[in-house]
$ cat model.cif   # mmCIF, C-alpha atoms
data_model
loop_
_atom_site.label_atom_id
_atom_site.label_comp_id
_atom_site.auth_asym_id
_atom_site.auth_seq_id
_atom_site.Cartn_x
_atom_site.Cartn_y
_atom_site.Cartn_z
CA MET A 834 17.11 5.05 -43.33
CA LYS A 835 18.44 1.89 -44.95
CA LYS A 836 22.02 2.92 -44.32
CA ARG A 837 21.33 3.57 -40.64
CA VAL A 838 19.58 0.23 -40.22
CA LEU A 839 22.38 -1.67 -41.92
CA ALA A 840 25.04 0.14 -39.93
CA ALA A 841 23.32 -0.78 -36.69
CA LEU A 842 23.01 -4.38 -37.74
CA MET A 843 26.64 -4.56 -38.78
CA THR A 844 27.73 -3.10 -35.45
CA ALA A 845 25.71 -5.67 -33.54
CA ALA A 846 26.91 -8.39 -35.85
CA MET A 847 30.59 -7.65 -35.39
CA ALA A 848 30.12 -7.53 -31.63
CA ALA A 849 28.63 -11.00 -31.85
CA SER A 850 31.14 -12.33 -34.37
CA ALA A 851 32.34 -14.88 -31.87
CA LEU A 852 29.05 -16.74 -32.24
CA ALA A 853 29.49 -20.20 -33.67
CA GLY A 854 28.95 -20.30 -37.42
CA CYS A 855 27.09 -22.81 -39.49
CA GLY A 856 28.96 -22.76 -42.75
CA SER A 857 28.92 -25.76 -45.02
CA SER A 858 31.52 -28.48 -44.72
CA ALA A 859 32.35 -31.74 -46.41
CA GLN A 860 31.40 -34.99 -44.71
CA THR A 861 34.41 -37.26 -45.13
CA GLY A 862 33.04 -40.40 -43.58
CA ALA A 863 30.46 -41.86 -41.24
CA THR A 864 33.00 -42.41 -38.47
CA GLU A 865 34.47 -38.92 -38.64
CA SER A 866 32.52 -36.22 -36.87
CA ALA A 867 32.25 -32.83 -38.52
CA ALA A 868 34.46 -30.18 -36.98
CA PRO A 869 32.58 -27.44 -35.13
CA ALA A 870 31.85 -24.41 -37.26
CA GLY A 871 34.33 -21.63 -36.69
CA THR A 872 37.23 -23.97 -35.91
CA ALA A 873 40.21 -24.31 -38.24
CA ALA A 874 38.99 -27.71 -39.42
CA GLY A 875 35.54 -26.33 -40.12
CA THR A 876 37.01 -23.40 -42.03
CA GLU A 877 39.21 -25.67 -44.11
CA ALA A 878 36.29 -27.92 -44.96
CA ALA A 879 34.20 -24.93 -45.97
CA SER A 880 36.93 -23.56 -48.19
CA THR A 881 37.18 -26.79 -50.16
CA GLN A 882 33.51 -27.65 -50.35
CA ALA A 883 33.18 -26.45 -53.93
CA ASP A 884 34.89 -29.68 -54.86
CA ALA A 885 32.86 -31.79 -52.40
CA GLY A 886 30.89 -34.58 -53.99
CA SER A 887 33.44 -35.18 -56.75
CA ASP A 888 34.85 -38.25 -54.98
CA GLY A 889 31.79 -39.45 -53.10
CA GLU A 890 31.93 -36.99 -50.23
CA LYS A 891 28.72 -35.31 -49.14
CA VAL A 892 28.46 -31.56 -48.73
CA GLU A 893 27.35 -30.67 -45.21
CA LEU A 894 24.65 -27.99 -45.02
CA GLU A 895 22.93 -26.48 -42.01
CA PHE A 896 19.29 -25.41 -41.90
CA TRP A 897 18.36 -22.88 -39.24
CA ALA A 898 14.86 -22.43 -37.83
CA TRP A 899 13.13 -22.08 -34.46
CA TRP A 900 10.67 -25.01 -34.49
CA SER A 901 11.53 -26.81 -31.27
CA SER A 902 8.24 -28.03 -29.81
CA ASP A 903 7.35 -31.69 -29.64
CA ALA A 904 4.41 -30.92 -31.91
CA ARG A 905 6.67 -29.63 -34.71
CA LYS A 906 10.29 -30.59 -34.40
CA PRO A 907 9.88 -34.33 -35.17
CA TYR A 908 8.21 -33.50 -38.48
CA ILE A 909 10.86 -30.94 -39.41
CA GLU A 910 13.54 -33.49 -38.65
CA GLN A 911 11.70 -36.11 -40.69
CA MET A 912 11.53 -33.67 -43.61
CA VAL A 913 15.29 -33.13 -43.37
CA GLN A 914 15.92 -36.86 -43.20
CA ASP A 915 13.72 -37.41 -46.26
CA PHE A 916 15.83 -34.93 -48.19
CA ASN A 917 19.05 -36.59 -47.08
CA ASP A 918 17.70 -39.98 -48.16
CA SER A 919 16.54 -38.65 -51.52
CA GLN A 920 20.01 -37.90 -52.93
CA ASP A 921 23.71 -38.57 -52.38
CA LYS A 922 25.31 -35.17 -52.80
CA TYR A 923 24.20 -33.17 -49.75
CA HIS A 924 23.60 -33.80 -46.07
CA VAL A 925 21.48 -31.28 -44.17
CA THR A 926 21.43 -30.88 -40.41
CA TYR A 927 18.57 -29.09 -38.68
CA VAL A 928 19.72 -26.50 -36.13
CA ASP A 929 17.01 -25.36 -33.73
CA ILE A 930 17.64 -21.84 -32.40
CA PRO A 931 15.21 -19.96 -30.13
CA TRP A 932 12.95 -17.39 -31.79
CA GLY A 933 14.40 -14.59 -29.68
CA ASP A 934 17.96 -15.30 -30.84
CA ILE A 935 17.86 -16.67 -34.37
CA PHE A 936 17.40 -13.47 -36.36
CA THR A 937 20.14 -11.54 -34.58
CA LYS A 938 22.46 -14.50 -34.87
CA ASN A 939 21.68 -14.82 -38.58
CA ILE A 940 22.65 -11.18 -39.18
CA ALA A 941 25.80 -11.62 -37.13
CA GLN A 942 26.93 -14.65 -39.10
CA ILE A 943 26.25 -12.94 -42.43
CA ALA A 944 28.35 -9.98 -41.32
CA ALA A 945 31.11 -12.33 -40.14
CA GLY A 946 31.15 -14.09 -43.51
CA ASN A 947 30.11 -17.44 -42.07
CA PRO A 948 26.33 -17.75 -42.51
CA CYS A 949 24.25 -20.89 -42.32
CA ASP A 950 23.17 -22.52 -45.58
CA ILE A 951 19.37 -22.35 -45.36
CA MET A 952 17.42 -19.96 -43.16
CA ALA A 953 13.72 -19.89 -42.26
CA ASN A 954 12.48 -16.31 -42.11
CA SER A 955 9.45 -14.04 -42.40
CA LEU A 956 7.60 -13.65 -45.69
CA SER A 957 6.73 -10.00 -45.14
CA GLU A 958 10.32 -8.76 -45.00
CA VAL A 959 11.97 -10.71 -47.82
CA ARG A 960 12.14 -7.55 -49.90
CA PHE A 961 13.79 -5.61 -47.09
CA ARG A 962 16.39 -8.31 -46.47
CA ALA A 963 17.15 -8.42 -50.18
CA SER A 964 17.70 -4.65 -50.25
CA GLN A 965 20.10 -4.96 -47.32
CA GLY A 966 22.18 -7.60 -49.08
CA GLN A 967 21.30 -10.29 -46.55
CA VAL A 968 20.11 -13.00 -48.95
CA GLU A 969 21.23 -14.69 -52.15
CA SER A 970 19.11 -14.56 -55.28
CA LEU A 971 17.47 -17.82 -56.37
CA ASP A 972 17.43 -16.73 -60.02
CA PRO A 973 20.48 -18.79 -61.06
CA TYR A 974 18.75 -21.98 -59.94
CA ILE A 975 14.98 -21.68 -60.06
CA THR A 976 12.94 -22.74 -63.08
CA ASP A 977 9.55 -21.56 -64.26
CA ASP A 978 7.80 -24.81 -63.34
CA VAL A 979 8.84 -24.35 -59.71
CA LYS A 980 7.94 -20.66 -59.61
CA ASN A 981 4.58 -21.13 -61.30
CA ALA A 982 3.48 -23.71 -58.71
CA PHE A 983 2.82 -20.92 -56.17
CA TYR A 984 0.10 -18.32 -55.93
CA GLU A 985 1.29 -15.15 -57.62
CA GLN A 986 1.07 -12.90 -54.56
CA TYR A 987 3.44 -15.12 -52.58
CA ILE A 988 6.01 -15.10 -55.37
CA GLU A 989 5.65 -11.32 -55.51
CA ALA A 990 6.31 -11.16 -51.75
CA CYS A 991 9.50 -13.18 -52.29
CA THR A 992 10.71 -10.86 -55.06
CA GLY A 993 13.10 -7.99 -54.43
CA GLU A 994 12.81 -4.49 -55.80
CA ASP A 995 15.38 -5.53 -58.42
CA GLY A 996 12.99 -8.16 -59.79
CA SER A 997 15.01 -11.14 -58.54
CA LEU A 998 13.49 -13.96 -56.51
CA TYR A 999 15.04 -14.35 -53.05
CA ALA A 1000 12.98 -16.99 -51.25
CA LEU A 1001 10.23 -19.58 -51.52
CA PRO A 1002 7.38 -19.92 -49.01
CA ILE A 1003 7.41 -22.91 -46.67
CA SER A 1004 4.06 -22.07 -45.05
CA VAL A 1005 1.46 -19.31 -45.20
CA ASP A 1006 -1.72 -18.31 -43.46
CA THR A 1007 -4.95 -16.57 -44.31
CA ARG A 1008 -8.09 -15.59 -42.42
CA VAL A 1009 -11.63 -16.89 -42.54
CA ILE A 1010 -14.68 -16.76 -40.29
CA TYR A 1011 -15.32 -19.91 -38.27
CA TYR A 1012 -18.94 -20.45 -37.26
CA ASN A 1013 -20.82 -22.73 -34.89
CA LYS A 1014 -23.08 -24.91 -37.02
CA ALA A 1015 -25.50 -25.65 -34.19
CA HIS A 1016 -25.97 -21.95 -33.49
CA PHE A 1017 -26.59 -21.25 -37.16
CA GLU A 1018 -29.18 -24.00 -37.41
CA GLU A 1019 -30.92 -22.80 -34.25
CA ALA A 1020 -31.11 -19.22 -35.62
CA GLY A 1021 -32.12 -20.33 -39.12
CA ILE A 1022 -29.00 -18.89 -40.75
CA LYS A 1023 -27.23 -20.23 -43.82
CA ALA A 1024 -23.57 -19.32 -44.23
CA GLU A 1025 -23.94 -18.89 -47.98
CA ASP A 1026 -26.43 -16.06 -47.38
CA ILE A 1027 -23.80 -13.95 -45.60
CA LYS A 1028 -22.29 -12.07 -48.51
CA THR A 1029 -21.58 -8.57 -47.16
CA TRP A 1030 -20.65 -6.87 -43.89
CA ASP A 1031 -24.30 -5.85 -43.48
CA ASP A 1032 -25.35 -9.50 -43.84
CA LEU A 1033 -22.76 -10.46 -41.24
CA GLU A 1034 -24.09 -7.88 -38.79
CA ALA A 1035 -27.68 -9.06 -39.31
CA ALA A 1036 -26.66 -12.67 -38.72
CA ALA A 1037 -24.83 -11.72 -35.52
CA ARG A 1038 -27.95 -10.10 -34.11
CA LYS A 1039 -29.93 -13.30 -34.67
CA LEU A 1040 -27.25 -15.31 -32.89
CA ASP A 1041 -27.03 -13.12 -29.79
CA VAL A 1042 -28.43 -14.42 -26.52
CA LYS A 1043 -28.95 -11.95 -23.69
CA GLU A 1044 -30.12 -12.60 -20.14
CA GLY A 1045 -31.00 -9.38 -18.39
CA ASP A 1046 -28.16 -6.94 -19.02
CA LYS A 1047 -25.59 -9.61 -19.83
CA TYR A 1048 -24.85 -11.35 -23.11
CA THR A 1049 -24.47 -15.08 -22.59
CA ARG A 1050 -23.79 -15.53 -26.28
CA VAL A 1051 -22.28 -13.01 -28.68
CA GLY A 1052 -22.87 -13.44 -32.38
CA PHE A 1053 -19.74 -11.73 -33.63
CA MET A 1054 -17.13 -9.08 -32.91
CA PRO A 1055 -14.85 -8.23 -35.82
CA THR A 1056 -11.59 -7.58 -33.96
CA LEU A 1057 -11.62 -10.56 -31.61
CA GLY A 1058 -9.77 -13.76 -32.44
CA ASN A 1059 -7.14 -13.08 -35.06
CA GLY A 1060 -8.68 -10.22 -36.96
CA GLY A 1061 -7.53 -6.67 -36.39
CA VAL A 1062 -8.72 -3.35 -37.73
CA ASP A 1063 -6.34 -3.88 -40.63
CA THR A 1064 -8.00 -7.23 -41.47
CA TRP A 1065 -11.29 -5.51 -42.15
CA LEU A 1066 -9.87 -2.45 -43.88
CA ILE A 1067 -7.72 -4.62 -46.15
CA ASN A 1068 -10.94 -6.45 -46.98
CA ALA A 1069 -12.70 -3.15 -47.69
CA ASN A 1070 -9.85 -1.88 -49.88
CA GLY A 1071 -9.18 -5.17 -51.63
CA GLY A 1072 -5.53 -4.92 -50.56
CA PRO A 1073 -3.24 -2.60 -48.56
CA CYS A 1074 -5.29 -0.17 -46.53
CA TRP A 1075 -2.83 2.31 -45.05
CA TYR A 1076 -0.99 3.49 -48.17
CA THR A 1077 -0.75 3.33 -51.95
CA GLU A 1078 2.35 2.87 -54.08
CA ASP A 1079 3.13 4.53 -57.39
CA GLY A 1080 6.61 3.60 -58.46
CA ASP A 1081 8.92 4.82 -55.72
CA THR A 1082 6.26 7.04 -54.19
CA VAL A 1083 4.36 5.86 -51.10
CA THR A 1084 1.28 7.90 -50.20
CA PRO A 1085 -0.45 7.40 -46.83
CA THR A 1086 -4.19 6.73 -47.15
CA VAL A 1087 -4.97 6.03 -43.50
CA ASN A 1088 -7.89 8.46 -43.32
CA SER A 1089 -9.47 7.59 -46.67
CA GLU A 1090 -13.25 7.61 -46.91
CA VAL A 1091 -13.32 3.81 -47.25
CA ASN A 1092 -11.26 3.44 -44.08
CA LYS A 1093 -13.44 5.91 -42.18
CA GLU A 1094 -16.61 4.05 -43.12
CA GLY A 1095 -15.07 0.66 -42.39
CA PHE A 1096 -13.56 1.65 -39.04
CA LYS A 1097 -16.83 3.24 -37.96
CA TRP A 1098 -18.63 -0.05 -38.68
CA ILE A 1099 -16.05 -1.97 -36.62
CA ARG A 1100 -16.51 0.33 -33.66
CA GLU A 1101 -20.32 0.17 -33.96
CA GLN A 1102 -20.18 -3.59 -33.46
CA ILE A 1103 -18.22 -3.13 -30.23
CA ASP A 1104 -20.56 -0.35 -29.05
CA TYR A 1105 -23.58 -2.57 -29.67
CA TYR A 1106 -22.41 -5.12 -27.11
CA GLY A 1107 -20.70 -2.60 -24.84
CA GLN A 1108 -17.05 -2.01 -24.06
CA SER A 1109 -17.20 -4.17 -20.92
CA THR A 1110 -18.42 -7.18 -22.92
CA TYR A 1111 -15.68 -6.62 -25.46
CA ASN A 1112 -13.02 -6.26 -22.77
CA GLU A 1113 -14.14 -9.43 -21.04
CA LEU A 1114 -13.98 -11.49 -24.22
CA GLU A 1115 -10.68 -9.96 -25.31
CA ALA A 1116 -9.16 -10.76 -21.91
CA ALA A 1117 -10.32 -14.36 -22.23
CA PHE A 1118 -8.62 -14.73 -25.61
CA ASN A 1119 -5.47 -12.95 -24.49
CA SER A 1120 -5.10 -15.10 -21.41
CA GLY A 1121 -4.68 -18.22 -23.49
CA MET A 1122 -6.67 -20.08 -20.85
CA ALA A 1123 -10.07 -19.80 -22.51
CA ASP A 1124 -11.51 -19.69 -26.00
CA PRO A 1125 -14.97 -18.10 -26.08
CA PHE A 1126 -15.66 -19.57 -29.53
CA ALA A 1127 -14.67 -23.11 -28.58
CA SER A 1128 -16.83 -22.85 -25.44
CA GLY A 1129 -19.87 -21.61 -27.36
CA THR A 1130 -19.83 -18.08 -25.93
CA MET A 1131 -19.27 -16.69 -29.44
CA SER A 1132 -20.98 -17.96 -32.58
CA MET A 1133 -18.55 -16.60 -35.19
CA LEU A 1134 -14.86 -15.77 -35.02
CA VAL A 1135 -12.17 -14.49 -37.38
CA GLN A 1136 -9.17 -16.75 -37.13
CA THR A 1137 -6.23 -17.94 -39.17
CA SER A 1138 -6.04 -21.09 -41.21
CA ALA A 1139 -4.05 -22.73 -38.40
CA TYR A 1140 -6.99 -22.48 -35.97
CA THR A 1141 -8.28 -25.90 -37.02
CA SER A 1142 -5.43 -27.52 -35.11
CA SER A 1143 -6.33 -25.60 -31.96
CA LEU A 1144 -10.00 -26.53 -32.22
CA ALA A 1145 -9.08 -30.19 -32.63
CA GLN A 1146 -7.49 -29.97 -29.18
CA THR A 1147 -9.87 -27.64 -27.34
CA ALA A 1148 -13.24 -28.59 -28.85
CA PRO A 1149 -12.92 -31.84 -30.82
CA ASP A 1150 -16.69 -32.44 -30.85
CA LEU A 1151 -17.69 -28.94 -31.92
CA GLU A 1152 -19.42 -28.83 -35.30
CA VAL A 1153 -17.70 -25.98 -37.12
CA GLY A 1154 -17.99 -24.47 -40.56
CA VAL A 1155 -15.94 -21.78 -42.27
CA MET A 1156 -16.72 -18.99 -44.69
CA LEU A 1157 -14.72 -16.34 -46.48
CA LEU A 1158 -14.63 -12.84 -45.05
CA PRO A 1159 -17.73 -11.21 -46.55
CA GLU A 1160 -17.51 -8.31 -48.96
CA PHE A 1161 -17.49 -4.75 -47.67
CA LYS A 1162 -19.91 -3.93 -50.45
CA ALA A 1163 -21.40 -6.27 -53.04
CA GLY A 1164 -18.80 -6.95 -55.73
CA ASN A 1165 -15.91 -5.75 -53.54
CA GLY A 1166 -14.23 -9.15 -53.17
CA ASN A 1167 -13.46 -11.40 -50.19
CA THR A 1168 -9.91 -10.22 -49.54
CA ALA A 1169 -8.20 -11.47 -46.38
CA ASN A 1170 -4.82 -10.55 -44.94
CA GLY A 1171 -2.11 -13.14 -44.48
CA ASP A 1172 1.57 -13.72 -43.92
CA GLY A 1173 3.88 -16.69 -43.69
CA PHE A 1174 7.41 -18.01 -43.55
CA VAL A 1175 9.99 -18.63 -46.25
CA LEU A 1176 13.21 -20.47 -46.83
CA GLU A 1177 16.09 -18.40 -48.14
CA ILE A 1178 19.84 -18.59 -48.65
CA PRO A 1179 21.79 -16.16 -46.44
CA LYS A 1180 24.26 -13.95 -48.26
CA GLY A 1181 27.65 -15.61 -48.50
CA ALA A 1182 26.40 -19.18 -48.04
CA LYS A 1183 29.18 -21.45 -49.28
CA ASN A 1184 27.09 -23.78 -51.45
CA PRO A 1185 24.00 -21.92 -52.67
CA GLU A 1186 23.26 -24.57 -55.28
CA GLY A 1187 22.96 -27.20 -52.57
CA SER A 1188 20.93 -24.83 -50.42
CA TYR A 1189 18.52 -24.32 -53.29
CA GLU A 1190 18.16 -28.07 -53.83
CA PHE A 1191 16.97 -28.37 -50.23
CA ILE A 1192 14.58 -25.42 -50.62
CA LYS A 1193 13.16 -26.94 -53.80
CA PHE A 1194 12.64 -30.27 -52.03
CA VAL A 1195 10.91 -28.70 -49.02
CA THR A 1196 8.57 -26.63 -51.20
CA SER A 1197 7.71 -29.51 -53.53
CA TYR A 1198 4.14 -30.83 -53.70
CA GLU A 1199 4.94 -34.05 -51.83
CA THR A 1200 6.85 -32.42 -48.97
CA GLN A 1201 4.36 -29.59 -48.62
CA ASP A 1202 1.54 -32.12 -48.43
CA PHE A 1203 3.43 -33.97 -45.69
CA LEU A 1204 4.13 -30.80 -43.70
CA SER A 1205 0.62 -29.41 -44.07
CA THR A 1206 -0.98 -32.69 -43.08
CA SER A 1207 1.34 -33.14 -40.10
CA LEU A 1208 1.46 -29.56 -38.81
CA GLY A 1209 -1.78 -27.99 -40.02
CA ASP A 1210 0.03 -25.17 -41.82
CA PHE A 1211 -1.14 -24.15 -45.26
CA SER A 1212 0.99 -24.20 -48.38
CA ALA A 1213 1.33 -21.37 -50.88
CA ARG A 1214 1.26 -23.88 -53.72
CA ASN A 1215 -1.62 -23.41 -56.14
CA ASP A 1216 -1.81 -27.06 -57.24
CA PHE A 1217 -3.22 -28.65 -54.08
CA ASN A 1218 -6.53 -30.36 -54.72
CA ASP A 1219 -8.83 -33.07 -53.37
CA ASP A 1220 -6.21 -35.70 -54.19
CA SER A 1221 -3.81 -34.30 -51.59
CA THR A 1222 -3.75 -35.87 -48.15
CA PHE A 1223 -4.06 -32.44 -46.57
CA PHE A 1224 -7.31 -31.65 -48.33
CA GLN A 1225 -8.89 -34.74 -46.80
CA LYS A 1226 -8.78 -33.07 -43.38
CA PRO A 1227 -11.96 -31.29 -42.22
CA LEU A 1228 -12.40 -27.65 -43.31
CA VAL A 1229 -9.09 -27.52 -45.18
CA ALA A 1230 -10.46 -27.36 -48.73
CA ASP A 1231 -12.90 -24.59 -47.74
CA ILE A 1232 -10.20 -22.55 -45.99
CA ALA A 1233 -7.86 -22.96 -48.95
CA LYS A 1234 -10.35 -21.03 -51.10
CA ALA A 1235 -9.30 -17.92 -49.20
CA LEU A 1236 -5.65 -18.23 -50.26
CA GLU A 1237 -6.32 -17.00 -53.76
CA GLN A 1238 -7.78 -13.76 -52.36
CA THR A 1239 -5.22 -13.29 -49.59
CA SER A 1240 -3.28 -10.03 -49.56
CA THR A 1241 0.28 -10.51 -48.35
CA ALA A 1242 2.09 -7.91 -46.29
CA ILE A 1243 4.81 -6.59 -48.59
CA ILE A 1244 6.05 -3.49 -46.80
CA PRO A 1245 7.97 -1.05 -49.01
CA ASN A 1246 11.50 -0.67 -47.72
CA LYS A 1247 11.26 3.08 -47.30
CA ILE A 1248 8.39 2.83 -44.77
CA LYS A 1249 9.60 -0.17 -42.77
CA GLY A 1250 8.59 0.41 -39.14
CA TYR A 1251 5.61 2.64 -39.92
CA THR A 1252 3.15 0.33 -38.14
CA ASP A 1253 4.93 1.01 -34.85
CA VAL A 1254 3.91 4.63 -35.35
CA ILE A 1255 0.27 4.27 -36.42
CA ASN A 1256 -0.91 1.11 -34.62
CA PRO A 1257 -1.07 2.65 -31.11
CA ILE A 1258 -3.17 5.48 -32.52
CA ILE A 1259 -5.49 3.12 -34.38
CA ASP A 1260 -5.90 1.13 -31.16
CA GLU A 1261 -7.22 4.23 -29.40
CA GLY A 1262 -10.04 4.31 -31.94
CA ARG A 1263 -10.68 0.58 -31.58
CA LEU A 1264 -10.91 0.85 -27.80
CA GLY A 1265 -13.11 3.95 -27.86
CA VAL A 1266 -10.52 6.27 -26.31
CA THR A 1267 -11.03 8.58 -29.27
CA SER A 1268 -13.42 8.56 -32.21
CA THR A 1269 -12.51 6.39 -35.18
CA ASP A 1270 -12.33 9.42 -37.49
CA ASP A 1271 -9.99 11.26 -35.12
CA ALA A 1272 -7.82 8.18 -34.72
CA LEU A 1273 -7.46 7.84 -38.49
CA ASP A 1274 -6.72 11.56 -38.94
CA GLN A 1275 -4.05 11.46 -36.22
CA ALA A 1276 -2.53 8.28 -37.63
CA GLN A 1277 -2.48 9.85 -41.11
CA LYS A 1278 -0.51 12.82 -39.78
CA ALA A 1279 1.87 10.57 -37.84
CA PHE A 1280 2.48 8.46 -40.94
CA GLU A 1281 3.17 11.53 -43.08
CA ASP A 1282 5.63 12.83 -40.46
CA PHE A 1283 7.31 9.41 -40.33
CA ILE A 1284 7.90 9.46 -44.08
CA ALA A 1285 9.13 13.05 -44.01
CA SER A 1286 11.67 12.27 -41.29
CA ASN A 1287 13.05 9.21 -43.05
#

$ encode --input "model.cif" --output "structure tokens"
Amino acid sequence: MKKRVLAALMTAAMAASALAGCGSSAQTGATESAAPAGTAAGTEAASTQADAGSDGEKVELEFWAWWSSDARKPYIEQMVQDFNDSQDKYHVTYVDIPWGDIFTKNIAQIAAGNPCDIMANSLSEVRFRASQGQVESLDPYITDDVKNAFYEQYIEACTGEDGSLYALPISVDTRVIYYNKAHFEEAGIKAEDIKTWDDLEAAARKLDVKEGDKYTRVGFMPTLGNGGVDTWLINANGGPCWYTEDGDTVTPTVNSEVNKEGFKWIREQIDYYGQSTYNELEAAFNSGMADPFASGTMSMLVQTSAYTSSLAQTAPDLEVGVMLLPEFKAGNGNTANGDGFVLEIPKGAKNPEGSYEFIKFVTSYETQDFLSTSLGDFSARNDFNDDSTFFQKPLVADIAKALEQTSTAIIPNKIKGYTDVINPIIDEGRLGVTSTDDALDQAQKAFEDFIASN
């Protein structure tokens, strides 16, 4: 499977080899503009950059990402400028490339031997990219003090199957339950009393408001907001829910007894309110035009750590609290699912040492505090505390408690793409098209066939 994937990527890459590159170059003076990447001048500069800095020249590096909105780009550019001002050896330029183009272009430039110097990319597929030879190892540069500043699961997600580290996280997310404080007070509910799924269900019933046959307020639905079936089954399993790993062996566990019990509970919550109520609320969320939680139509909602920024815009006066996802059973743990983005060095980058210096700067405590405070994203660093500027923002410290129990999506290379096979089947169970048990059994078989054919 890996060989077929790489071959396809290489074919696409060579077809796109005319794309402009972003290789490093030496900056020879403030009045001399850098030659465009891919030109003879740019190639010459790149070929001699190993000696750049020896006589006062700065090494030019390019950082690729997709953050182009007015809400984000100014802070990314400020971060880059701060790095440039912090030292005299390197000069980084931020290159903003649309989300739909950047990943294909990155592969093309790696194949053409002219990659950019620093690339933002997904956390969940670091291991796959490492196996495909798309990224440089950070091992020659990273030190233990840098590595140990991050939660262990995020470092694990950035580690290849060969044990080498290939990236560092720039931002991560997790999931918590947001709740309407006024609704809780009205119903006599205390968040700290909601410890298990059964407690959550009981609280939801107290929060419901029904007029005739219609719910005017819904206490809770587990798969609305930003929580899927996998969110709850990862919580129930305390980690990956669809498979287990034993060395090189991946065993599908889609239809395990834990998953069957958990999925049944999820569907029961939807059945309680009725499919039409669920569909109406889901359509409101999907439209992007309405937020049933912000409007008070829902009392509790699973959402990511970034939701605080949205609420600040849509419902600035709403009194909101947060709590960890409750335990499936007492003592089971409050596991949440999460993902994130990393910075990595594309394979063949001309000055990996300089690239790493930028990555180290961006993932440092001070820069992460700046980015988190400015953008609302959470950091994977484990040393944030009440002294950080970010933790002074409402809800942040409480949400951060979920990071320690967040399960990251590290997909084994041999089953990459399996979710495309099982998710449509799981959705049939979520939507009531088939029973949850049948959906899990069918998805189990489809997963087994997927492995057998790859």

$ residues_around --input "model.cif" --residues "segment 1233-1237 of chain A" --least-positions-apart "6" --cutoff "7 Å" --atoms "all atoms listed in the file" --output "tab-separated table (two decimals) with C-alpha atoms, in the coordinates of the input"
chain	number	residue	atom	x	y	z
A	984	TYR	CA	0.10	-18.32	-55.93
A	1007	THR	CA	-4.95	-16.57	-44.31
A	1157	LEU	CA	-14.72	-16.34	-46.48

$ closest_residue --input "model.cif" --among "A:Asp1216, A:Glu1101, A:Glu1160, A:Glu1281" --to "Ile1067 of chain A" --atoms "all atoms listed in the file"
A:Glu1160

$ closest_residue --input "model.cif" --among "A:Ser1132, A:Asn1246, A:Ser1207, A:Thr1084" --to "Arg1050 of chain A" --atoms "all atoms listed in the file"
A:Ser1132

$ atom_distance --input "model.cif" --atom1 "atom CA of Glu895 of chain A" --atom2 "atom CA of Gly946 of chain A"
14.9 Å

$ closest_residue --input "model.cif" --among "A:Lys1247, A:Lys1097, A:Arg905, A:Arg960" --to "Asp1271 of chain A" --atoms "all atoms listed in the file"
A:Lys1097

$ atom_distance --input "model.cif" --atom1 "atom CA of Arg1214 of chain A" --atom2 "atom CA of Thr1200 of chain A"
11.3 Å

$ resolve_selection --input "model.cif" --expression "the PyMOL selection byres ((chain A and resi 932) around 9)" --output "list in words"
Ala898, Trp899, Trp900, Ile930, Pro931, Gly933, Asp934, Ile935 and Phe936 of chain A

$ resolve_selection --input "model.cif" --expression "the PyMOL selection byres ((chain A and resi 958) around 10)" --output "MDAnalysis selection string"
chainID A and resid 954:957 959:964 990:991 993 1174:1175 1242:1246 1249

$ closest_residue --input "model.cif" --among "A:Thr1082, A:Asn1068, A:Ser997, A:Thr926" --to "Ile1284 of chain A" --atoms "all atoms listed in the file"
A:Thr1082

$ atom_distance --input "model.cif" --atom1 "atom CA of Asp1172 of chain A" --atom2 "atom CA of Asn1256 of chain A"
17.7 Å

$ resolve_selection --input "model.cif" --expression "the PyMOL selection byres ((chain A and resi 1107) around 12)" --output "mmCIF file with C-alpha atoms, in the frame of the given file"
data_model
loop_
_atom_site.group_PDB
_atom_site.id
_atom_site.type_symbol
_atom_site.label_atom_id
_atom_site.label_comp_id
_atom_site.auth_asym_id
_atom_site.auth_seq_id
_atom_site.Cartn_x
_atom_site.Cartn_y
_atom_site.Cartn_z
ATOM 1 C CA ASP A 1046 -28.160 -6.940 -19.020
ATOM 2 C CA LYS A 1047 -25.590 -9.610 -19.830
ATOM 3 C CA TYR A 1048 -24.850 -11.350 -23.110
ATOM 4 C CA VAL A 1051 -22.280 -13.010 -28.680
ATOM 5 C CA MET A 1054 -17.130 -9.080 -32.910
ATOM 6 C CA ARG A 1100 -16.510 0.330 -33.660
ATOM 7 C CA GLU A 1101 -20.320 0.170 -33.960
ATOM 8 C CA GLN A 1102 -20.180 -3.590 -33.460
ATOM 9 C CA ILE A 1103 -18.220 -3.130 -30.230
ATOM 10 C CA ASP A 1104 -20.560 -0.350 -29.050
ATOM 11 C CA TYR A 1105 -23.580 -2.570 -29.670
ATOM 12 C CA TYR A 1106 -22.410 -5.120 -27.110
ATOM 13 C CA GLN A 1108 -17.050 -2.010 -24.060
ATOM 14 C CA SER A 1109 -17.200 -4.170 -20.920
ATOM 15 C CA THR A 1110 -18.420 -7.180 -22.920
ATOM 16 C CA TYR A 1111 -15.680 -6.620 -25.460
ATOM 17 C CA ASN A 1112 -13.020 -6.260 -22.770
ATOM 18 C CA GLU A 1113 -14.140 -9.430 -21.040
ATOM 19 C CA LEU A 1114 -13.980 -11.490 -24.220
ATOM 20 C CA LEU A 1264 -10.910 0.850 -27.800
ATOM 21 C CA GLY A 1265 -13.110 3.950 -27.860
#

$ closest_residue --input "model.cif" --among "A:Met952, A:Ala1169, A:Ile1192, A:Leu1151" --to "Gly1060 of chain A" --atoms "all atoms listed in the file"
A:Ala1169
